[in-house]
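**Q** Shown below is the structure under consideration.
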Amino acid sequence: MDLKEGYLTTTVDAVVNWARSNSLMPMPMGLACCAIEMMAFAGPKYDVARFGSEAMRFSPRQADLMIVAGWCSYKMAHAIRRVWDQMADPKWCIAMGACASTGGMHRCYGVVQGIDNFLPVDVYISGCPPRPEAVIHALMDIQEKIRNDYSIVQDYERGEVRGPVAPAAPEVLTADGGKLISPDVLYHQNDA
Amino acid sequence: MRDDAKNTETKTSEHRSHETLKFFFTPVEPPKPDQENPHAKATTRVPEVVAALREAFGKAILEQVVYAGEHLVYVEKERIVDVCRFLKEEQGFTYLVDLGGVDRFTEEDRFEVFYNLVNIDDRKRLRVKVRVDEADLHVPSVTGLYRAANWNERECYDMLGLIFDGHPDLRRMYMPEDFQYFPQRKEFPLLGIPGSLPLPPQTPEGGLTLDPFAAAHGSKPVKSYEEPDSDVEEAF
Amino acid sequence: MLHEFIPLFIMMLMATGLALSLLKLHQLFGPHRPNRIKVGVYESGMDPIGTARQRYSVKFYLVAMIFIIFDVEVVFLYPWAVSFQRFLEAGAGLGVLGVVTVFIIILAIGLVYDIKKGGLEFD
């Protein structure tokens, strides 16, 4: 018998999920222009306090939803990852805007091409910047995701613990033969 | 989206003919260097300053170009500090607006450093350029004359690798201190060298991610309740 | 007389009991998954620089000390003010007024000393 689907577990889950979904405290990681729309989303017109996200907690210890708004540079990525790790479980993440989802208009060496390269993202929002209604829609999506979660099992059973899946080092291949080359070659390709 | 009656209806085929966007292109002749530029302001017309420079330095002034009403003077690399001192103290160009580097990607004199100088009292603007060869990347620094040049020269070093002699604090500006390449050189690829700029680890206590496109290569960062256990004990 | 304070004691017990039992319940039933960064110090995503215990100016301590002294004086003045009416009716109004004036004068001398010594200069 699956522990997740038992009667008691689903009832407790329903109560716990109702409480968690209706009291999401966002931790606004406002990095760039999307932060303005996030301020609008918290402002009086597109009020997010009516969804329970009354206070934007700027401390990771008091928040459970991190909204990454704006493009993330490689240097800032380390700070963001550390702030994410300092948040207590359970926690969710919204990638707001094109730049947080995929790197957006900044297709270059200094901007991380999507924060899902180092953060487990739950909801992506497209737009540059997305309208506050789109951010509210994302918040409602997260609420629905939480309502369908198996919280008790998640909290108490370890299940399968996954380690990191990323390859240790990038593999750079030549265009024609598919031969592995060292990344340095890209830099010296115009040397005489 | 809410399930309105409107949304669940199948769309009837109402084809709109595709309109071709009209693209309006006004052919304009490129400005010739000696042509009168109607947009040039009087501030950039400074032939008397260039004449004074030639008189004071003679051979060190390599070339003079007037383009679109703006004066540009090429100076020998070793004499740039003297030229700037002359311009600052005797000609009154006390304001260094900008300093930067250019990668021309030519065989000879690959790099250039430009200095935009402004005389606020007499309302004059002048551009001074220095050509730097790839074999000898050292340029004398003007930080002693213009304090504003400090960070601009750091940026130039970080992005192009030009070394400024006499700079009090020449270190990298935008890239991390141990970054091995110079990003704004023409041969640096747009998306960077994979592995040169590491990303944070995929788990809290893991190693750095070296692949900048980890998600595209199938790696999913671990959800918080599936992270591997740590050996740290909680205080309470 | 003590039995009038029983509701107050019950209230204090309930407040402390609630706080302690919530903490104990978390220790027993909450999931514990610490890792090095989660229990580490928070400094906006960076490694912490410097210590959290910094020395701060003594002017805060001085203001707190002076506040305590004059707060205790006010605590003595409140019951006097409330019961002054009865003293007046008993006929001893002037004497009682004199006593409390002496009390205030002694503390006012202390206040003048503090002002002259610069204890009330905040900057």
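Chain labels follow the order of the structure tokens: the first chain is A, the next B, and so on; residue numbering restarts at 1 in every chain, and ligands are counted from 1 in their shown order.
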Please find the residues of chain B near chain C - the criterion being any atom within 10 Å, counting only C-alpha atoms - and write them as an MDAnalysis selection string.
**A** chainID B and resid 204:205 224:225 227:236
**Q** Atoms to include: N, CA and C atoms. Write the selected residues as a tab-separated table (two decimals), in the first residue's frame.
**A**
```
chain	number	residue	atom	x	y	z
B	204	PRO	N	23.71	21.52	-2.19
B	204	PRO	CA	24.34	22.52	-1.32
B	204	PRO	C	25.81	22.26	-1.04
B	205	GLU	N	26.21	21.00	-0.96
B	205	GLU	CA	27.61	20.78	-0.60
B	205	GLU	C	28.38	20.10	-1.71
B	224	SER	N	14.72	20.39	-2.99
B	224	SER	CA	15.24	20.55	-1.63
B	224	SER	C	15.03	19.31	-0.77
B	225	TYR	N	13.93	18.57	-0.97
B	225	TYR	CA	13.70	17.42	-0.09
B	225	TYR	C	14.40	16.17	-0.59
B	227	GLU	N	17.77	16.34	-1.40
B	227	GLU	CA	19.20	16.60	-1.34
B	227	GLU	C	19.90	15.52	-0.52
B	228	PRO	N	21.14	15.24	-0.83
B	228	PRO	CA	21.86	14.25	-0.03
B	228	PRO	C	22.06	14.75	1.40
B	229	ASP	N	22.15	13.79	2.35
B	229	ASP	CA	22.29	14.17	3.75
B	229	ASP	C	23.66	14.77	4.01
B	230	SER	N	23.68	15.65	5.01
B	230	SER	CA	24.94	16.28	5.37
B	230	SER	C	25.35	15.78	6.75
B	231	ASP	N	26.62	15.99	7.12
B	231	ASP	CA	27.06	15.50	8.42
B	231	ASP	C	26.97	16.58	9.49
B	232	VAL	N	26.36	17.73	9.14
B	232	VAL	CA	26.23	18.81	10.12
B	232	VAL	C	25.07	18.49	11.04
B	233	GLU	N	25.21	18.75	12.34
B	233	GLU	CA	24.11	18.49	13.27
B	233	GLU	C	23.44	19.80	13.64
B	234	GLU	N	22.12	19.73	13.76
B	234	GLU	CA	21.41	20.96	14.08
B	234	GLU	C	21.57	21.28	15.56
B	235	ALA	N	21.58	22.56	15.87
B	235	ALA	CA	21.83	22.95	17.26
B	235	ALA	C	20.63	22.64	18.14
B	236	PHE	N	19.40	22.87	17.63
B	236	PHE	CA	18.23	22.66	18.49
B	236	PHE	C	17.18	21.93	17.68
```
**Q** Residues of chain B that have any atom at most 6 Å from an atom of chain A: could you tabulate them with the shortest-distance atom pair and the distance in Å to one decimal, using only C-alpha atoms, ordered by chain and increasing number, as a tab-separated table?
**A**
```
residue	atom	partner	partner_atom	distance
B:Phe188	CA	A:Tyr187	CA	5.7
B:Leu190	CA	A:Cys108	CA	5.4
B:Leu191	CA	A:Tyr109	CA	4.3
B:Gly192	CA	A:Tyr109	CA	4.5
B:Pro200	CA	A:His78	CA	5.2
B:Gln202	CA	A:Phe118	CA	5.4
B:Leu210	CA	A:Ala169	CA	5.3
B:Asp211	CA	A:Pro170	CA	4.7
B:Ala214	CA	A:Asn117	CA	5.3
B:Ala215	CA	A:Asn117	CA	4.8
B:Ser219	CA	A:Ala166	CA	4.8
B:Pro221	CA	A:Pro120	CA	5.0
B:Lys223	CA	A:Pro120	CA	5.8
B:Glu226	CA	A:Val161	CA	4.9
B:Pro228	CA	A:Val161	CA	5.9
```
**Q** Enter the distance from atom CA of Met46 of chain C to atom CA of Ile36 of chain A, in Å, rounded to one decimal.
**A**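 Taking atom CA of Met46 of chain C as the start and atom CA of Ile36 of chain A as the end point, the length is 24.4 Å.
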**Q** Report the distance between atom CA of Ile146 of chain A and atom CA of Arg20 of chain A in Å, rounded to one decimal place.
**A**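 Between atom CA of Ile146 of chain A and atom CA of Arg20 of chain A the gap is 7.4 Å.
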**Q** Skip Ile125 of chain A itself and residues of its chain fewer than 2 positions away, then list as a ChimeraX atom specification all residues within 9 Å of it, counting only C-alpha atoms.
**A** /A:94-98,100-101,123,127,130,134-135,137-138
**Q** Given the selection you just returned, output its residues as a file containing C-alpha atoms, formatted as a PDB file, in the first residue's frame.
**A**
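What ended up in again04.pdb:
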```
ATOM      1  CA  ILE A  94       9.693  31.094  -9.616  1.00  0.00           C
ATOM      2  CA  ALA A  95      11.850  32.161 -12.566  1.00  0.00           C
ATOM      3  CA  MET A  96      10.321  35.482 -13.561  1.00  0.00           C
ATOM      4  CA  GLY A  97      10.895  36.883 -16.978  1.00  0.00           C
ATOM      5  CA  ALA A  98      12.787  35.797 -20.057  1.00  0.00           C
ATOM      6  CA  ALA A 100      15.720  34.264 -15.502  1.00  0.00           C
ATOM      7  CA  SER A 101      14.147  31.474 -17.543  1.00  0.00           C
ATOM      8  CA  VAL A 123       7.352  27.791 -12.443  1.00  0.00           C
ATOM      9  CA  GLY A 127       7.677  38.108 -20.710  1.00  0.00           C
ATOM     10  CA  PRO A 130       5.894  39.883 -17.514  1.00  0.00           C
ATOM     11  CA  ALA A 134       1.279  36.943 -15.202  1.00  0.00           C
ATOM     12  CA  VAL A 135       3.223  36.829 -11.960  1.00  0.00           C
ATOM     13  CA  HIS A 137      -0.853  33.526 -12.424  1.00  0.00           C
ATOM     14  CA  ALA A 138       2.488  31.947 -11.624  1.00  0.00           C
TER      15      ALA A 138
END
```
**Q** Do you know which residues are at most 7 Å from segment 71-79 of chain B counting only C-alpha atoms, after dropping those on the same chain fewer than 6 positions away, and could you put them as JSON, numbers by chain?
**A** {"B": [44, 45, 46, 60, 61, 62, 63, 64, 65, 126, 127, 128, 129, 130, 131, 139, 140]}
**Q** Keeping only C-alpha atoms, take the residues you just selected and write them out as a PDB file, in the first residue's frame.
**A**
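Now in result22.pdb:
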```pdb
ATOM      1  CA  THR B  44      33.980  69.749 -31.557  1.00  0.00           C
ATOM      2  CA  ARG B  45      35.618  72.232 -33.909  1.00  0.00           C
ATOM      3  CA  VAL B  46      38.995  72.750 -32.250  1.00  0.00           C
ATOM      4  CA  ALA B  60      54.788  62.936 -31.344  1.00  0.00           C
ATOM      5  CA  ILE B  61      51.517  63.887 -33.014  1.00  0.00           C
ATOM      6  CA  LEU B  62      51.260  61.182 -35.600  1.00  0.00           C
ATOM      7  CA  GLU B  63      48.117  62.027 -37.411  1.00  0.00           C
ATOM      8  CA  GLN B  64      45.108  64.261 -37.298  1.00  0.00           C
ATOM      9  CA  VAL B  65      41.686  63.274 -38.561  1.00  0.00           C
ATOM     10  CA  LEU B 126      38.867  66.622 -28.402  1.00  0.00           C
ATOM     11  CA  ARG B 127      39.557  62.946 -28.910  1.00  0.00           C
ATOM     12  CA  VAL B 128      43.095  61.620 -28.462  1.00  0.00           C
ATOM     13  CA  LYS B 129      44.012  58.116 -29.574  1.00  0.00           C
ATOM     14  CA  VAL B 130      46.995  55.904 -28.967  1.00  0.00           C
ATOM     15  CA  ARG B 131      47.816  52.853 -31.073  1.00  0.00           C
ATOM     16  CA  VAL B 139      50.606  51.918 -22.150  1.00  0.00           C
ATOM     17  CA  PRO B 140      51.537  54.731 -19.749  1.00  0.00           C
TER      18      PRO B 140
END
```
**Q** Could you tell me, as JSON, numbers by chain, which residues of chain A DSSP assigns to helix (DSSP H, G or I) when given the backbone?
**A** {"A": [3, 4, 5, 7, 8, 9, 10, 11, 12, 13, 14, 15, 16, 17, 18, 19, 20, 21, 34, 35, 36, 37, 38, 39, 40, 41, 42, 49, 50, 51, 60, 61, 62, 74, 75, 76, 77, 78, 79, 80, 81, 82, 83, 84, 85, 86, 97, 98, 99, 100, 101, 102, 115, 116, 117, 132, 133, 134, 135, 136, 137, 138, 139, 140, 141, 142, 143, 144, 145, 146, 147, 151, 152, 153, 154, 155, 156, 183, 184, 185, 186]}
**Q** Go through A:Ser59, A:Asn17, A:Asn148, A:Ser53 and flag the residue nearest chain C, using only C-alpha atoms for the distances.
**A**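 Ranked by minimum distance to chain C, first place goes to A:Ser59.
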**Q** List the spatial neighbours of Leu24 of chain A as a list of chain:residue names - criterion: any atom at most 10 Å away, only C-alpha atoms, same-chain residues fewer than 5 positions off excluded.
**A** A:Ala19, A:Ala49, A:Phe51, A:Gly52, A:Ser53, A:Glu54, A:Ala55, A:Met56, A:Ala63, A:Asp64, A:Leu65, A:Met66, A:Lys91, A:Trp92, A:Leu139, A:Ile142, A:Gln143
**Q** Residues as selected, C-alpha atoms, written as a PDB file, in the first residue's frame, can you do that?
**A**
```pdb
ATOM      1  CA  ALA A  19      -2.038  26.185   5.015  1.00  0.00           C
ATOM      2  CA  ALA A  49      -1.486  40.248  -0.208  1.00  0.00           C
ATOM      3  CA  PHE A  51      -3.259  35.567  -1.857  1.00  0.00           C
ATOM      4  CA  GLY A  52      -1.590  35.389   1.513  1.00  0.00           C
ATOM      5  CA  SER A  53       1.773  36.742   0.385  1.00  0.00           C
ATOM      6  CA  GLU A  54       1.362  39.677   2.677  1.00  0.00           C
ATOM      7  CA  ALA A  55       4.963  40.362   3.562  1.00  0.00           C
ATOM      8  CA  MET A  56       7.875  40.155   1.176  1.00  0.00           C
ATOM      9  CA  ALA A  63      10.533  32.963   3.358  1.00  0.00           C
ATOM     10  CA  ASP A  64       9.407  29.944   1.424  1.00  0.00           C
ATOM     11  CA  LEU A  65       9.066  31.171  -2.155  1.00  0.00           C
ATOM     12  CA  MET A  66      11.981  32.707  -4.035  1.00  0.00           C
ATOM     13  CA  LYS A  91      10.651  26.011  -0.607  1.00  0.00           C
ATOM     14  CA  TRP A  92       9.671  26.772  -4.170  1.00  0.00           C
ATOM     15  CA  LEU A 139       1.797  32.284  -7.919  1.00  0.00           C
ATOM     16  CA  ILE A 142       2.551  27.288  -7.419  1.00  0.00           C
ATOM     17  CA  GLN A 143      -0.445  27.205  -5.074  1.00  0.00           C
TER      18      GLN A 143
END
```
**Q** Near Glu177 of chain B, counting only C-alpha atoms, which residues have an atom at most 12 Å away, once you skip same-chain residues fewer than 6 positions from it, shown as a list of chain:residue names?
**A**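 In the requested format, the answer is A:Lys75, B:Arg154, B:Tyr157, B:Asp158, B:Leu170, B:Arg171, B:Ser196, B:Leu197.
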**Q** What lies within 12 Å of Ala52 of chain C using only C-alpha atoms, ignoring chain neighbours under 6 positions off, as a list in words?
**A**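 Counting only C-alpha atoms, the residues come to Val41, Tyr42 and Glu43 of chain C.
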**Q** Which of these, A:Met38, A:Leu8, A:Met29, A:Ala14, has the shortest distance to chain C once you count only C-alpha atoms?
**A**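 For chain C, the nearest of the candidates is A:Met29.
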**Q** Taking only C-alpha atoms into account, name the residue in A:Met105, A:Ile136, A:Cys128, A:Val83 that is nearest to chain C.
**A**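 Selected residue with least distance to chain C: A:Val83.
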**Q** Between atom CA of Val112 of chain C and atom CA of Gly98 of chain C, what distance in Å does the model show, to one decimal?
**A**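 Here the two named atoms are 20.6 Å from each other.
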